[in-house]
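Q: Dumping the structure here so I can ask a few things about it.
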Amino acid sequence: MHLLPFAWLVLGCVFCFCQAAPTNDDDFVTYSEFQVWKITTRSNEENKLVLQMIRHYGFEAWKDSDAISAPIGVLIPPPFLEEMKLKLAATNISYEVEISDLQTAINDENASINVSAITTKMAHKMDWTSYHRLDDIYGYLKYLADTYPKLVRLIDIGTSYEDRPLYVVRISNSSSPDTQPAVWIDAGIHAREWISPAVATYILHQLVEEPTNAGLLLNVDWYIMPIMNPDGYEYTHMKNRLWRKTRSKTSSKKCRGVDANRNFGYQWGGAGSSRDPCAIKFRGANAFSEPETLATSNFITEKSKQIKLYLTLHSFGQVFLLPWGHSVTYPSDYDEMKSLAKNAASKFKRYKYRVGNLAAVLYRASGNSADWAKSIGIDYSYTVELPAKDFLLPASRILPVSQDFFPALEVFAAKVATLKVTYSFPA
């Protein structure tokens, strides 16, 4: 069936609000009666047909892969539910409804904050039983820096498009910080992936406030950036739970934001990114067009001789992803990188993670941060897709996911501690 031009306009208006601005940018976006389907294909032909349907209707694929056997997760707006059922039935392609009403799932995701607990613990508002707003997270970072000044330094590396500070926490028990090999961890590059900042702040809590983890600080510094995209993160709490991108203005009046994980300056603009400002994977006008990615890259570049392992936290999928993402190609030390990742993944008890090349396991993603980190000489660079169900994870599972993940850092720290920091000085 070919849609008439008017129907295409309707499609654009119905669905583009997921990542384009609403008619009024202050409007609250609801996903009432939207459904998430998991579509399973059995051949290349079926896989191509489903992807053509997704492109034809302008749907968002929440979980896609080049692998035939991998289910494709698709967000279906209410006006197209019946039509999609008929199309899939006609082609004998099976599907199941993972989420029958997306807004209900969103409403149920975050537990009510315990007000009495907040009022009796004035030092900070952080816990890992609910998802927190940016002020709570930044308040916790400042609390750590004020309470543990010999261990923690809060570094302001720049400001976001909407003038929010971009914070990196350095943890070091060395008398000469910045001279030890270091681990970098960032989270929240994609705004809607709430579990990633939650895990990052849990890691901070464990490294700083739990004495039993002091061994992880021996001969290793840590740089942790809990939220790389604070504007987008706040927008997901206030207006649109499923917003992914930054909040910068683009060449399109109706579409804002850049996919920050397609905006890094290695193989920028290639496969798996888009030049369309309304696309969910919009790469930006140029590499590092976003103040968030520019500030982050500048800081990491300055510390690139020290940082030996780069870890960027995302959701969802339960997989360790290795470079390269721009194509199914492999760094010369891929086997060594994979061995370390598999060793780390072996520490997980509750959730099982796969390990593999990003482009081979999932899809191509040019301009991603982990590829860029590897390209500037950081030895070990990984993207981790944490557990979640279609980006939504009940707050009750924050602690189980975080507690399960933390032991993997012992593997990474042990490896990084064996590596040397080498600086070259002008003659």
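Convention: chains lettered A, B, ... in structure tokens order; per-chain residue numbering from 1; ligands numbered from 1 as shown.
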Can I get the residues of segment 211-270 of chain A within 12 Å of segment 92-114 of chain A, each with the closest pair of atoms and their distance in Å to one decimal, using only C-alpha atoms, sorted chain first then ascending number, as JSON lines?

A:
```
{"residue": "A:Thr236", "atom": "CA", "partner": "A:Ile106", "partner_atom": "CA", "distance": 10.9}
{"residue": "A:His237", "atom": "CA", "partner": "A:Asn110", "partner_atom": "CA", "distance": 10.5}
{"residue": "A:Asn240", "atom": "CA", "partner": "A:Ile106", "partner_atom": "CA", "distance": 10.4}
{"residue": "A:Arg241", "atom": "CA", "partner": "A:Ile106", "partner_atom": "CA", "distance": 7.5}
{"residue": "A:Leu242", "atom": "CA", "partner": "A:Ile106", "partner_atom": "CA", "distance": 9.4}
```

Q: Env of Tyr351 of chain A: 10 Å cut, atoms = only C-alpha atoms, seq-sep filter 6 positions within chain, self excluded. Answer as a list in words.

A: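 Returned residues: Gln318, Ala345, Leu386, Pro387, Pro400, Val401, Asp404 and Phe405 of chain A.
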
Q: Go ahead and write the selection's residues with N, CA and C atoms as an mmCIF file, in the first residue's frame.

A:
```
data_model
loop_
_atom_site.group_PDB
_atom_site.id
_atom_site.type_symbol
_atom_site.label_atom_id
_atom_site.label_comp_id
_atom_site.auth_asym_id
_atom_site.auth_seq_id
_atom_site.Cartn_x
_atom_site.Cartn_y
_atom_site.Cartn_z
ATOM 1 N N GLN A 318 22.267 -5.563 27.627
ATOM 2 C CA GLN A 318 23.143 -6.504 28.333
ATOM 3 C C GLN A 318 24.254 -7.027 27.416
ATOM 4 N N ALA A 345 32.840 -9.476 32.357
ATOM 5 C CA ALA A 345 31.452 -9.951 32.255
ATOM 6 C C ALA A 345 31.225 -11.224 33.057
ATOM 7 N N LEU A 386 23.446 -1.632 29.489
ATOM 8 C CA LEU A 386 22.955 -2.187 30.749
ATOM 9 C C LEU A 386 21.581 -2.822 30.571
ATOM 10 N N PRO A 387 21.139 -3.597 31.562
ATOM 11 C CA PRO A 387 19.799 -4.193 31.469
ATOM 12 C C PRO A 387 18.711 -3.125 31.530
ATOM 13 N N PRO A 400 19.746 -3.853 42.158
ATOM 14 C CA PRO A 400 20.204 -5.131 41.617
ATOM 15 C C PRO A 400 21.120 -4.982 40.408
ATOM 16 N N VAL A 401 20.788 -4.091 39.485
ATOM 17 C CA VAL A 401 21.640 -3.875 38.308
ATOM 18 C C VAL A 401 22.991 -3.304 38.728
ATOM 19 N N ASP A 404 25.161 -5.823 40.696
ATOM 20 C CA ASP A 404 25.651 -6.872 39.818
ATOM 21 C C ASP A 404 26.802 -6.367 38.955
ATOM 22 N N PHE A 405 26.741 -5.105 38.563
ATOM 23 C CA PHE A 405 27.751 -4.556 37.660
ATOM 24 C C PHE A 405 29.061 -4.222 38.363
#
```

Q: Which polymer residues have any atom within 6 Å of an atom of segment 192-203 of chain A, counting only C-alpha atoms, with same-chain residues fewer than 6 positions away left out, as a VMD selection string?

A: chain A and resid 226 242 to 244 313 to 315 391 402

Q: Show me, as CSV, the residues of segment 365-412 of chain A having an atom within 9 Å of segment 335-339 of chain A, each with the closest atom pair and its distance in Å, using only C-alpha atoms.

A:
```
residue,atom,partner,partner_atom,distance
A:Asp379,CA,A:Met337,CA,8.3
A:Tyr380,CA,A:Met337,CA,6.1
A:Ser381,CA,A:Met337,CA,8.0
A:Tyr382,CA,A:Met337,CA,8.7
```

Q: Residues as selected, C-alpha atoms, written as a compact mmCIF listing (two decimals), in the first residue's frame, can you do that?

A:
```
# COMPACT_ATOMS: atom_id res chain seq x y z
CA ASP A 379 44.05 1.16 25.23
CA TYR A 380 40.73 -0.32 26.29
CA SER A 381 37.47 1.25 25.15
CA TYR A 382 34.01 -0.21 25.73
```

Q: Let's see if you can do this: from backbone DSSP, list all helix (DSSP H, G or I) residues in segment 177-271 of chain A, as a ChimeraX atom specification.

A: /A:195-209,211-217,230-238,260-262

Q: Expressed in Å to a single decimal, how great is the separation between atom CA of Asp146 of chain A and atom CA of Gln306 of chain A?

A: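 Atom-to-atom, atom CA of Asp146 of chain A and atom CA of Gln306 of chain A are spaced 25.1 Å apart.
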
Q: Just asking: which residues within segment 46-203 of chain A are strand (DSSP E) according to DSSP, as number ranges by chain?

A: A: 60-63, 72-76, 94-99, 152-159, 165-171, 182-186

Q: Since we have the selection now, will you write its residues out, keeping C-alpha atoms, as a PDB file, in the first residue's frame?

A:
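Now in selection_39.pdb:
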```pdb
ATOM      1  CA  GLU A  60      11.298   4.206  15.783  1.00  0.00           C
ATOM      2  CA  ALA A  61      13.151   0.913  16.086  1.00  0.00           C
ATOM      3  CA  TRP A  62      14.036   0.529  19.741  1.00  0.00           C
ATOM      4  CA  LYS A  63      16.061  -2.588  19.255  1.00  0.00           C
ATOM      5  CA  ILE A  72      13.340  -6.041  16.290  1.00  0.00           C
ATOM      6  CA  GLY A  73      11.733  -3.795  18.879  1.00  0.00           C
ATOM      7  CA  VAL A  74       9.392  -1.218  17.383  1.00  0.00           C
ATOM      8  CA  LEU A  75       7.419   1.643  18.922  1.00  0.00           C
ATOM      9  CA  ILE A  76       3.967   1.694  17.309  1.00  0.00           C
ATOM     10  CA  SER A  94       5.327 -13.159  14.106  1.00  0.00           C
ATOM     11  CA  TYR A  95       5.383 -10.515  16.818  1.00  0.00           C
ATOM     12  CA  GLU A  96       4.535 -10.098  20.455  1.00  0.00           C
ATOM     13  CA  VAL A  97       3.421  -7.043  22.390  1.00  0.00           C
ATOM     14  CA  GLU A  98       6.084  -6.247  24.974  1.00  0.00           C
ATOM     15  CA  ILE A  99       4.406  -3.110  26.329  1.00  0.00           C
ATOM     16  CA  VAL A 152      37.400  13.584  45.627  1.00  0.00           C
ATOM     17  CA  ARG A 153      37.718  16.568  43.352  1.00  0.00           C
ATOM     18  CA  LEU A 154      34.721  17.942  41.473  1.00  0.00           C
ATOM     19  CA  ILE A 155      35.811  19.337  38.101  1.00  0.00           C
ATOM     20  CA  ASP A 156      33.643  21.684  36.073  1.00  0.00           C
ATOM     21  CA  ILE A 157      34.687  21.039  32.467  1.00  0.00           C
ATOM     22  CA  GLY A 158      32.232  23.364  30.715  1.00  0.00           C
ATOM     23  CA  THR A 159      28.553  24.086  30.215  1.00  0.00           C
ATOM     24  CA  PRO A 165      27.454  22.685  34.320  1.00  0.00           C
ATOM     25  CA  LEU A 166      29.227  19.577  33.037  1.00  0.00           C
ATOM     26  CA  TYR A 167      30.839  17.798  35.974  1.00  0.00           C
ATOM     27  CA  VAL A 168      33.551  15.168  36.163  1.00  0.00           C
ATOM     28  CA  VAL A 169      34.454  13.589  39.501  1.00  0.00           C
ATOM     29  CA  ARG A 170      38.078  12.624  40.010  1.00  0.00           C
ATOM     30  CA  ILE A 171      38.756  10.025  42.693  1.00  0.00           C
ATOM     31  CA  ALA A 182      43.124   5.992  35.204  1.00  0.00           C
ATOM     32  CA  VAL A 183      39.687   4.623  34.378  1.00  0.00           C
ATOM     33  CA  TRP A 184      37.132   6.903  32.718  1.00  0.00           C
ATOM     34  CA  ILE A 185      33.395   6.226  33.086  1.00  0.00           C
ATOM     35  CA  ASP A 186      30.633   8.328  31.570  1.00  0.00           C
TER      36      ASP A 186
END
```
